[in-house]
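Participant: I'm passing along upload.cif; it holds mmCIF, C-alpha atoms.
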```cif
data_query
#
loop_
_atom_site.group_PDB
_atom_site.id
_atom_site.type_symbol
_atom_site.label_atom_id
_atom_site.label_comp_id
_atom_site.auth_asym_id
_atom_site.auth_seq_id
_atom_site.Cartn_x
_atom_site.Cartn_y
_atom_site.Cartn_z
ATOM 1 C CA GLN A 126 0.000 0.000 0.000
ATOM 2 C CA LEU A 127 1.369 3.374 -0.998
ATOM 3 C CA GLN A 128 1.949 5.604 2.018
ATOM 4 C CA LEU A 129 3.891 8.686 2.989
ATOM 5 C CA ALA A 130 4.477 9.403 6.661
ATOM 6 C CA GLU A 131 5.949 12.660 7.907
ATOM 7 C CA SER A 132 7.664 12.969 11.263
ATOM 8 C CA GLY A 133 10.061 15.248 13.067
ATOM 9 C CA GLY A 134 7.812 18.206 13.710
ATOM 10 C CA GLY A 135 7.541 19.902 17.053
ATOM 11 C CA LEU A 136 8.151 23.100 18.947
ATOM 12 C CA VAL A 137 11.322 25.017 18.188
ATOM 13 C CA GLN A 138 12.524 28.473 19.139
ATOM 14 C CA PRO A 139 13.022 31.148 16.492
ATOM 15 C CA GLY A 140 16.381 30.626 14.864
ATOM 16 C CA GLY A 141 16.319 26.932 15.647
ATOM 17 C CA SER A 142 16.430 23.885 13.412
ATOM 18 C CA LEU A 143 14.334 20.842 12.722
ATOM 19 C CA ARG A 144 14.713 17.919 10.372
ATOM 20 C CA LEU A 145 11.531 16.492 8.965
ATOM 21 C CA SER A 146 11.351 12.979 7.597
ATOM 22 C CA CYS A 147 9.078 11.600 4.922
ATOM 23 C CA ALA A 148 9.103 7.827 5.085
ATOM 24 C CA ALA A 149 7.633 6.111 2.073
ATOM 25 C CA SER A 150 6.162 2.647 1.719
ATOM 26 C CA GLY A 151 4.753 0.895 -1.283
ATOM 27 C CA PHE A 152 7.101 2.590 -3.721
ATOM 28 C CA ALA A 153 10.721 3.666 -4.051
ATOM 29 C CA VAL A 154 11.292 7.359 -3.352
ATOM 30 C CA GLY A 155 14.202 7.410 -5.735
ATOM 31 C CA ARG A 156 11.892 6.818 -8.664
ATOM 32 C CA TYR A 157 9.578 9.765 -8.064
ATOM 33 C CA VAL A 158 9.722 13.467 -7.458
ATOM 34 C CA ILE A 159 8.974 14.173 -3.805
ATOM 35 C CA GLY A 160 7.727 17.578 -2.758
ATOM 36 C CA TRP A 161 7.396 19.359 0.567
ATOM 37 C CA PHE A 162 4.560 21.761 1.261
ATOM 38 C CA ARG A 163 3.279 23.638 4.267
ATOM 39 C CA GLN A 164 0.015 25.161 5.333
ATOM 40 C CA ALA A 165 -0.327 27.666 8.123
ATOM 41 C CA PRO A 166 -3.630 28.196 9.927
ATOM 42 C CA GLY A 167 -5.947 30.282 7.806
ATOM 43 C CA LYS A 168 -3.549 30.366 4.885
ATOM 44 C CA GLU A 169 -3.251 28.564 1.593
ATOM 45 C CA ARG A 170 -0.903 25.666 1.093
ATOM 46 C CA GLU A 171 2.576 26.757 0.068
ATOM 47 C CA ALA A 172 5.258 24.869 -1.813
ATOM 48 C CA VAL A 173 8.522 24.560 0.077
ATOM 49 C CA SER A 174 10.845 22.258 -1.808
ATOM 50 C CA CYS A 175 11.194 19.250 -4.064
ATOM 51 C CA ILE A 176 13.799 16.668 -4.934
ATOM 52 C CA GLY A 177 14.043 14.901 -8.246
ATOM 53 C CA THR A 178 14.733 11.311 -9.134
ATOM 54 C CA SER A 179 18.026 9.953 -10.398
ATOM 55 C CA ASP A 180 19.555 13.368 -10.967
ATOM 56 C CA GLY A 181 18.677 14.524 -7.463
ATOM 57 C CA ARG A 182 17.905 18.039 -8.600
ATOM 58 C CA THR A 183 16.250 20.216 -5.992
ATOM 59 C CA ASN A 184 14.225 23.371 -5.857
ATOM 60 C CA PHE A 185 13.191 25.660 -3.038
ATOM 61 C CA ALA A 186 10.727 28.440 -2.444
ATOM 62 C CA ASP A 187 12.481 31.792 -2.419
ATOM 63 C CA SER A 188 11.499 32.278 1.215
ATOM 64 C CA VAL A 189 13.525 29.251 2.372
ATOM 65 C CA LYS A 190 16.511 29.327 0.031
ATOM 66 C CA GLY A 191 19.770 29.235 1.917
ATOM 67 C CA ARG A 192 18.101 27.948 5.081
ATOM 68 C CA PHE A 193 16.398 24.709 4.057
ATOM 69 C CA SER A 194 17.877 21.689 2.356
ATOM 70 C CA VAL A 195 16.333 18.489 1.050
ATOM 71 C CA SER A 196 17.883 15.072 0.712
ATOM 72 C CA ARG A 197 16.967 11.492 0.038
ATOM 73 C CA ASP A 198 18.153 8.199 1.505
ATOM 74 C CA ASP A 199 17.233 5.472 -0.911
ATOM 75 C CA ALA A 200 18.279 2.725 1.513
ATOM 76 C CA GLU A 201 15.884 4.106 4.131
ATOM 77 C CA ASN A 202 13.318 5.023 1.464
ATOM 78 C CA THR A 203 13.009 8.390 3.148
ATOM 79 C CA VAL A 204 13.236 12.017 2.121
ATOM 80 C CA TYR A 205 14.420 14.636 4.599
ATOM 81 C CA LEU A 206 13.792 18.340 4.890
ATOM 82 C CA GLN A 207 16.392 20.121 6.988
ATOM 83 C CA MET A 208 15.099 23.455 8.201
ATOM 84 C CA ASN A 209 17.465 25.974 9.750
ATOM 85 C CA MET A 210 16.992 29.489 11.080
ATOM 86 C CA LEU A 211 13.280 28.933 11.471
ATOM 87 C CA MET A 212 11.005 31.913 11.895
ATOM 88 C CA PRO A 213 7.675 32.194 13.723
ATOM 89 C CA GLU A 214 5.829 32.793 10.471
ATOM 90 C CA GLU A 215 6.913 29.337 9.359
ATOM 91 C CA THR A 216 4.651 27.724 11.901
ATOM 92 C CA ALA A 217 2.539 25.347 9.854
ATOM 93 C CA ASP A 218 1.645 21.777 9.091
ATOM 94 C CA TYR A 219 4.269 20.339 6.785
ATOM 95 C CA TYR A 220 3.417 17.712 4.206
ATOM 96 C CA CYS A 221 5.366 15.568 1.809
ATOM 97 C CA ALA A 222 3.855 14.360 -1.413
ATOM 98 C CA ARG A 223 4.684 12.118 -4.335
ATOM 99 C CA GLY A 224 4.302 13.086 -7.883
ATOM 100 C CA GLY A 225 5.331 15.982 -9.932
ATOM 101 C CA THR A 226 6.767 15.619 -13.370
ATOM 102 C CA VAL A 227 10.129 17.156 -12.726
ATOM 103 C CA CYS A 228 11.994 19.043 -10.051
ATOM 104 C CA GLY A 229 14.483 21.706 -10.967
ATOM 105 C CA ALA A 230 15.625 25.184 -10.158
ATOM 106 C CA SER A 231 13.531 26.798 -12.878
ATOM 107 C CA VAL A 232 10.456 24.594 -12.512
ATOM 108 C CA PRO A 233 7.632 25.846 -10.278
ATOM 109 C CA ILE A 234 6.518 23.424 -7.588
ATOM 110 C CA ARG A 235 2.785 23.006 -8.107
ATOM 111 C CA ALA A 236 0.692 21.112 -5.581
ATOM 112 C CA ASN A 237 -1.750 19.937 -8.213
ATOM 113 C CA HIS A 238 1.066 17.934 -9.801
ATOM 114 C CA TYR A 239 1.328 15.794 -6.675
ATOM 115 C CA ARG A 240 -1.138 12.986 -6.269
ATOM 116 C CA TYR A 241 -0.220 11.198 -3.050
ATOM 117 C CA TRP A 242 0.124 13.033 0.249
ATOM 118 C CA GLY A 243 1.104 12.248 3.794
ATOM 119 C CA GLN A 244 -0.883 13.262 6.857
ATOM 120 C CA GLY A 245 1.487 16.058 7.807
ATOM 121 C CA THR A 246 3.578 16.973 10.803
ATOM 122 C CA GLN A 247 3.112 20.123 12.822
ATOM 123 C CA VAL A 248 5.918 22.628 13.219
ATOM 124 C CA THR A 249 5.592 25.422 15.739
ATOM 125 C CA VAL A 250 8.213 28.149 15.876
ATOM 126 C CA SER A 251 7.795 30.110 19.059
ATOM 127 C CA SER A 252 9.709 31.363 22.057
#
```
Using the file provided, produce a representation of the structure as structure tokens.
Facilitator:
Amino acid sequence: QLQLAESGGGLVQPGGSLRLSCAASGFAVGRYVIGWFRQAPGKEREAVSCIGTSDGRTNFADSVKGRFSVSRDDAENTVYLQMNMLMPEETADYYCARGGTVCGASVPIRANHYRYWGQGTQVTVSS
């Protein structure tokens, strides 16, 4: 059964770091584009990042460039989102999703290109 399970969320102080995990089952993460999205209370879902397949190309929202990184461990069948220098306005539920046609620096990350979604993990940035 195809599943995506996020973990690693929690409470962190402004300026702190968290690493989110997206554990996949039922398919190999290395064969699909995996995206990260977030949705804050009362706001629309926002694309955060993606990682491609064999080429491993990545893309990031302008708001997180230089602070977030994304990686994939094919042996663990897991994708990670490392978030540094977190800000209070980044408090949101974070989701990973499978799909997308391509991930690259010049390719917009569009949620409607992603078909399978995890349940999300909550990140709260607060002092």
Participant: What's around Gly191 of chain A at 12 Å? Count only C-alpha atoms, leave out sequence neighbours fewer than 3 positions away in its own chain, and write the answer as a PDB file with C-alpha atoms, keeping the file's coordinate frame.
Facilitator:
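Dumped to result20.pdb:
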```pdb
ATOM      1  CA  SER A 174      10.845  22.258  -1.808  1.00  0.00           C
ATOM      2  CA  ASN A 184      14.225  23.371  -5.857  1.00  0.00           C
ATOM      3  CA  PHE A 185      13.191  25.660  -3.038  1.00  0.00           C
ATOM      4  CA  ALA A 186      10.727  28.440  -2.444  1.00  0.00           C
ATOM      5  CA  ASP A 187      12.481  31.792  -2.419  1.00  0.00           C
ATOM      6  CA  SER A 188      11.499  32.278   1.215  1.00  0.00           C
ATOM      7  CA  SER A 194      17.877  21.689   2.356  1.00  0.00           C
ATOM      8  CA  VAL A 195      16.333  18.489   1.050  1.00  0.00           C
ATOM      9  CA  GLN A 207      16.392  20.121   6.988  1.00  0.00           C
ATOM     10  CA  MET A 208      15.099  23.455   8.201  1.00  0.00           C
ATOM     11  CA  ASN A 209      17.465  25.974   9.750  1.00  0.00           C
ATOM     12  CA  MET A 210      16.992  29.489  11.080  1.00  0.00           C
ATOM     13  CA  LEU A 211      13.280  28.933  11.471  1.00  0.00           C
TER      14      LEU A 211
END
```
Participant: Which one is closest to Arg163 of chain A: A:Arg197, A:Gly134, A:Cys228, A:Asn202? Count only C-alpha atoms.
Facilitator: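 Going through A:Arg197, A:Gly134, A:Cys228, A:Asn202 one by one, the smallest distance to Arg163 of chain A is for A:Gly134.
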Participant: Within 9 Å of (17.9, 13.3, -8.7) (coordinates as in the file), grab all the protein and nucleic acid residues, counting all atoms listed in the file, and write them out as number ranges by chain.
Facilitator: A: 155-156, 158, 176-183, 197, 228
Participant: From the set A:Phe152, A:Tyr157, A:Phe193, A:Tyr239, which residue has the shortest atom-to-atom contact distance to Val173 of chain A, counting only C-alpha atoms?
Facilitator: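 The closest residue to Val173 of chain A is A:Phe193.
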Participant: Using all atoms listed in the file, which of A:Thr249, A:Asp198, A:Asn237, A:Gly243 sits nearest Thr216 of chain A?
Facilitator: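 Checking each candidate against Thr216 of chain A, we get A:Thr249 as the closest.
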Participant: For the atom pair atom CA of Gly225 of chain A and atom CA of Ile159 of chain A, what is the interatomic distance in Å to one decimal place?
Facilitator: 7.4 Å
